[in-house]
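Source file: protein-v2.txt (compact mmCIF, C-alpha atoms)
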# COMPACT_ATOMS: atom_id res chain seq x y z
CA MET A 1 -16.21 4.25 -5.63
CA ASN A 2 -16.75 7.11 -8.03
CA ASP A 3 -15.10 6.71 -11.44
CA LYS A 4 -13.50 10.14 -11.05
CA LEU A 5 -11.17 8.84 -8.32
CA THR A 6 -7.52 9.51 -9.15
CA ILE A 7 -4.71 7.12 -8.26
CA ARG A 8 -1.41 8.86 -8.82
CA PRO A 9 2.20 8.79 -7.63
CA ALA A 10 2.59 10.28 -4.16
CA HIS A 11 4.22 13.69 -3.82
CA GLU A 12 6.15 15.09 -0.87
CA ALA A 13 3.19 17.35 -0.15
CA ASP A 14 1.05 14.22 0.41
CA LEU A 15 3.18 13.04 3.34
CA PRO A 16 1.13 14.60 6.16
CA ALA A 17 -2.05 12.91 4.92
CA MET A 18 -0.31 9.60 4.28
CA VAL A 19 1.37 9.50 7.69
CA ALA A 20 -1.89 10.47 9.38
CA MET A 21 -3.55 7.43 7.75
CA LEU A 22 -0.66 5.18 8.81
CA ALA A 23 -1.12 6.37 12.40
CA ASP A 24 -4.93 6.13 12.41
CA ASP A 25 -5.39 2.70 13.97
CA PRO A 26 -4.26 0.95 17.15
CA LEU A 27 -1.15 -0.58 15.55
CA GLY A 28 -0.11 2.58 13.72
CA ALA A 29 -0.76 4.81 16.71
CA ALA A 30 1.93 2.90 18.60
CA ARG A 31 4.58 2.98 15.88
CA GLU A 32 4.08 6.12 13.78
CA SER A 33 5.00 9.71 14.64
CA PRO A 34 2.91 12.11 12.54
CA ASP A 35 4.24 15.11 14.50
CA ASP A 36 7.75 14.59 13.07
CA LEU A 37 7.74 14.04 9.32
CA THR A 38 11.55 14.05 9.02
CA PRO A 39 12.00 10.25 8.84
CA TYR A 40 9.08 9.96 6.43
CA LEU A 41 10.56 12.59 4.14
CA THR A 42 13.87 10.70 4.08
CA ALA A 43 12.02 7.46 3.30
CA TYR A 44 9.87 9.15 0.65
CA ARG A 45 12.94 10.42 -1.16
CA ARG A 46 14.52 6.95 -1.15
CA ILE A 47 11.29 5.41 -2.44
CA ALA A 48 10.81 8.09 -5.12
CA GLY A 49 14.35 7.49 -6.38
CA ASP A 50 13.91 3.72 -6.74
CA PRO A 51 12.30 2.57 -10.02
CA HIS A 52 11.11 -0.64 -8.31
CA GLN A 53 8.92 1.33 -5.90
CA HIS A 54 5.48 2.69 -6.68
CA LEU A 55 4.12 4.77 -3.82
CA VAL A 56 0.67 6.02 -4.75
CA VAL A 57 -2.22 7.94 -3.30
CA ALA A 58 -5.91 7.91 -4.06
CA VAL A 59 -7.40 11.38 -4.36
CA ALA A 60 -11.07 12.06 -3.70
CA PRO A 61 -13.11 12.94 -6.78
CA GLY A 62 -13.17 16.64 -7.58
CA THR A 63 -10.63 17.52 -4.87
CA ASP A 64 -6.96 17.20 -4.04
CA ARG A 65 -7.73 15.39 -0.76
CA VAL A 66 -5.71 12.21 -0.23
CA ILE A 67 -8.01 9.42 1.00
CA GLY A 68 -5.93 6.32 0.39
CA THR A 69 -2.42 5.07 -0.16
CA LEU A 70 -0.33 1.99 -0.82
CA GLN A 71 3.18 1.02 -1.82
CA LEU A 72 3.85 -1.49 -4.58
CA THR A 73 7.35 -2.96 -4.76
CA VAL A 74 8.65 -4.91 -7.76
CA ILE A 75 10.89 -7.82 -6.75
CA PRO A 76 12.85 -9.68 -9.42
CA GLY A 77 13.68 -13.20 -8.33
CA LEU A 78 15.21 -16.54 -9.19
CA SER A 79 12.46 -18.76 -7.80
CA ARG A 80 9.49 -19.75 -9.93
CA ARG A 81 11.77 -19.85 -12.98
CA GLY A 82 13.00 -16.29 -12.54
CA ALA A 83 9.57 -14.81 -11.85
CA THR A 84 9.04 -11.21 -10.94
CA ARG A 85 6.66 -10.62 -8.07
CA THR A 86 5.20 -7.54 -6.49
CA LEU A 87 4.63 -6.78 -2.85
CA ILE A 88 1.74 -4.60 -1.69
CA GLU A 89 2.45 -2.76 1.55
CA ALA A 90 1.07 0.02 3.75
CA VAL A 91 -2.48 -0.05 2.39
CA ARG A 92 -4.44 2.61 4.20
CA ILE A 93 -7.84 4.19 3.65
CA HIS A 94 -8.93 7.41 5.36
CA ALA A 95 -11.45 6.68 8.13
CA ASP A 96 -14.29 8.51 6.40
CA ALA A 97 -13.71 6.63 3.11
CA ARG A 98 -13.70 3.11 4.58
CA GLY A 99 -16.50 0.93 3.28
CA SER A 100 -16.76 2.99 0.08
CA GLY A 101 -15.03 0.47 -2.19
CA LEU A 102 -11.80 2.48 -2.27
CA GLY A 103 -9.77 -0.38 -0.78
CA THR A 104 -10.99 -2.70 -3.52
CA THR A 105 -10.19 -0.09 -6.16
CA LEU A 106 -6.65 0.40 -4.81
CA ILE A 107 -5.90 -3.34 -4.63
CA GLU A 108 -7.34 -3.92 -8.11
CA TRP A 109 -5.12 -1.08 -9.36
CA ALA A 110 -2.08 -2.70 -7.73
CA VAL A 111 -2.88 -6.11 -9.24
CA GLU A 112 -3.35 -4.63 -12.72
CA GLN A 113 -0.19 -2.54 -12.36
CA SER A 114 1.63 -5.73 -11.33
CA ARG A 115 0.52 -7.42 -14.55
CA THR A 116 1.68 -4.42 -16.54
CA LEU A 117 5.06 -4.59 -14.81
CA GLY A 118 5.44 -8.26 -15.78
CA ALA A 119 4.84 -9.79 -12.37
CA GLU A 120 3.67 -13.37 -12.13
CA LEU A 121 2.72 -13.19 -8.46
CA VAL A 122 1.34 -10.50 -6.15
CA GLN A 123 1.87 -10.89 -2.43
CA LEU A 124 1.11 -8.89 0.67
CA THR A 125 1.30 -9.20 4.41
CA SER A 126 -1.23 -8.18 6.98
CA ASP A 127 -0.75 -8.08 10.73
CA ALA A 128 -2.15 -11.21 12.37
CA THR A 129 -4.57 -9.09 14.42
CA ARG A 130 -6.23 -7.51 11.37
CA THR A 131 -8.91 -10.16 10.84
CA ASP A 132 -11.20 -7.79 8.90
CA ALA A 133 -8.35 -7.06 6.49
CA HIS A 134 -7.74 -10.80 6.06
CA ARG A 135 -11.36 -11.33 5.02
CA PHE A 136 -11.09 -8.35 2.66
CA TYR A 137 -7.99 -9.75 0.92
CA GLU A 138 -9.53 -13.22 0.66
CA ARG A 139 -12.63 -11.72 -0.99
CA LEU A 140 -10.28 -10.22 -3.60
CA GLY A 141 -8.77 -13.63 -4.38
CA PHE A 142 -5.69 -13.64 -2.15
CA SER A 143 -5.03 -16.77 -0.11
CA ALA A 144 -3.29 -17.04 3.24
CA SER A 145 -0.77 -19.52 1.80
CA HIS A 146 2.28 -18.71 3.93
CA VAL A 147 3.23 -17.83 7.47
CA GLY A 148 5.25 -14.64 7.69
CA PHE A 149 7.99 -13.83 10.15
CA LYS A 150 9.61 -10.55 11.16
CA LEU A 151 12.68 -9.64 13.16
CA VAL A 152 12.79 -6.11 14.50
CA LEU A 153 16.34 -4.71 14.22

Would you give me this structure, written as structure tokens?
Amino acid sequence: MNDKLTIRPAHEADLPAMVAMLADDPLGAARESPDDLTPYLTAYRRIAGDPHQHLVVAVAPGTDRVIGTLQLTVIPGLSRRGATRTLIEAVRIHADARGSGLGTTLIEWAVEQSRTLGAELVQLTSDATRTDAHRFYERLGFSASHVGFKLVL
């Protein structure tokens, strides 16, 4: 990926591009609603007001075009002798930027940011059907060490 890539905090104006990326795959197409940004705007404002949340976008070199996004959450905890951990969520790369190294750049940014924030552990989840993503995360040093569970409310 070009060194001129910018990773910056997301702005409200970035929401259409971010939601479009969230919806641009079989899983997202079934659960996202890019035609109604109202719930995303509410969520964005909650995230932006929480100092433990870091919602970022990657902007294409020489443009203002959003081509990637992720959310990094800082979680203080008691386990591991009071360790702080971070959680990487909602990693998305625009379809025409996939395979460019942007995903690696974003995850490396999140890991370095986690160190800066004092985290001792970085974790993420990936849907069980996303086998390509699993290989990607393993190549970056993550291990599938746990089984995750979800309960839809």

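Distance-wise, atom CA of A:Ile88 and atom CA of A:Glu108 end up 11.1 Å apart.
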
Margin query: List as a PyMOL selection string the residues having at least one atom at most 12 Å from position (-2.6, -18.8, 0.5) as given in the file, counting all atoms listed in the file.
Written below: chain A and resi 121-125+134+137-138+141-148

Would you write out those residues with C-alpha atoms, as a CSV table (one decimal), keeping the file's coordinate frame?
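Heads up, here's the output in out-v2.csv:
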chain,number,residue,atom,x,y,z
A,121,LEU,CA,2.7,-13.2,-8.5
A,122,VAL,CA,1.3,-10.5,-6.2
A,123,GLN,CA,1.9,-10.9,-2.4
A,124,LEU,CA,1.1,-8.9,0.7
A,125,THR,CA,1.3,-9.2,4.4
A,134,HIS,CA,-7.7,-10.8,6.1
A,137,TYR,CA,-8.0,-9.8,0.9
A,138,GLU,CA,-9.5,-13.2,0.7
A,141,GLY,CA,-8.8,-13.6,-4.4
A,142,PHE,CA,-5.7,-13.6,-2.2
A,143,SER,CA,-5.0,-16.8,-0.1
A,144,ALA,CA,-3.3,-17.0,3.2
A,145,SER,CA,-0.8,-19.5,1.8
A,146,HIS,CA,2.3,-18.7,3.9
A,147,VAL,CA,3.2,-17.8,7.5
A,148,GLY,CA,5.2,-14.6,7.7

Using all atoms listed in the file, which protein or nucleic acid residues come within 6 Å of A:Thr86? Drop anything in the same chain fewer than 5 positions from it, and give the result as a tab-separated table (two decimals) with C-alpha atoms, in the coordinates of the input.
chain	number	residue	atom	x	y	z
A	73	THR	CA	7.35	-2.96	-4.76
A	74	VAL	CA	8.65	-4.91	-7.76
A	75	ILE	CA	10.89	-7.82	-6.75
A	122	VAL	CA	1.34	-10.50	-6.15

Notebook entry, point to check: Could you pull the residues within 12 Å of A:Gly82, counting all atoms listed in the file, minus those fewer than 3 positions along the same chain, as a list in words?
Noted result: Ile75, Pro76, Gly77, Leu78, Ser79, Arg85, Gly118, Ala119, Glu120 and Leu121 of chain A

For the residues in that selection, give me C-alpha atoms as an mmCIF file, in the coordinates of the input.
data_model
loop_
_atom_site.group_PDB
_atom_site.id
_atom_site.type_symbol
_atom_site.label_atom_id
_atom_site.label_comp_id
_atom_site.auth_asym_id
_atom_site.auth_seq_id
_atom_site.Cartn_x
_atom_site.Cartn_y
_atom_site.Cartn_z
ATOM 1 C CA ILE A 75 10.890 -7.820 -6.750
ATOM 2 C CA PRO A 76 12.850 -9.680 -9.420
ATOM 3 C CA GLY A 77 13.680 -13.200 -8.330
ATOM 4 C CA LEU A 78 15.210 -16.540 -9.190
ATOM 5 C CA SER A 79 12.460 -18.760 -7.800
ATOM 6 C CA ARG A 85 6.660 -10.620 -8.070
ATOM 7 C CA GLY A 118 5.440 -8.260 -15.780
ATOM 8 C CA ALA A 119 4.840 -9.790 -12.370
ATOM 9 C CA GLU A 120 3.670 -13.370 -12.130
ATOM 10 C CA LEU A 121 2.720 -13.190 -8.460
#

Margin query: Using Å and a single decimal, report how far atom CA of A:Ala95 sits from atom CA of A:Asp24.
Written below: 7.8 Å

Next item on the list: Considering only C-alpha atoms, return as a list in words whatever protein or nucleic-acid residues lie within 8 Å of stretch 37-44 of chain A, sequence-local ones (same chain, fewer than 6 positions apart) excluded.
Entry: Glu12, Leu15, Pro16 and Val19 of chain A

Do you know which residues lie at most 8 Å from (-5.6, 1.6, 7.0), with coordinates as in the file and all atoms listed in the file counted, and could you write them as a CSV table (one decimal) with C-alpha atoms, in the frame of the given file?
chain,number,residue,atom,x,y,z
A,21,MET,CA,-3.6,7.4,7.8
A,22,LEU,CA,-0.7,5.2,8.8
A,24,ASP,CA,-4.9,6.1,12.4
A,25,ASP,CA,-5.4,2.7,14.0
A,90,ALA,CA,1.1,0.0,3.8
A,91,VAL,CA,-2.5,0.0,2.4
A,92,ARG,CA,-4.4,2.6,4.2
A,93,ILE,CA,-7.8,4.2,3.6
A,94,HIS,CA,-8.9,7.4,5.4
A,95,ALA,CA,-11.4,6.7,8.1

Next item on the list: May I ask for the distance between atom CA of A:Gln113 and atom CA of A:Leu72, given in Å to one decimal place?
Entry: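 So the answer is 8.8 Å.
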
Margin query: Please list as a PyMOL selection string every residue within 12 Å of A:Asp14, counting all atoms listed in the file and excluding residues in the same chain fewer than 3 positions away.
Written below: chain A and resi 8-11+17-21+37+40-41+44+55-59+64-69

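Considering the residues A:Gln71, A:Asp36, A:Ile7, A:Ala29 and counting all atoms listed in the file, A:Leu102 has its shortest atom-to-atom contact with A:Ile7.
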
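With all atoms listed in the file as the atoms that count, the minimum distance from A:Gly28 to the choices A:Ala97, A:Gly103, A:Asp127, A:Gly49 is reached by A:Asp127.
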
Checklist line | Pick from A:Thr105, A:Gln53, A:Ser126, A:Thr116 nearest to A:Thr6, counting all atoms listed in the file | finding: A:Thr105

Enclose all atoms of stretch 46-60 of chain A listed in the file in an axis-aligned box, grow every side by 8 Å, and hand back centre and edge lengths in Å to one decimal, as JSON.
{"center_x": 1.7, "center_y": 5.7, "center_z": -5.6, "size_x": 41.6, "size_y": 28.7, "size_z": 24.9}

Check: Counting all atoms listed in the file, which of A:Pro51, A:Arg139, A:Gly62, A:Leu27 gets nearest to A:Lys4?
Finding: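 Between A:Pro51, A:Arg139, A:Gly62, A:Leu27, the residue approaching A:Lys4 most closely is A:Gly62.
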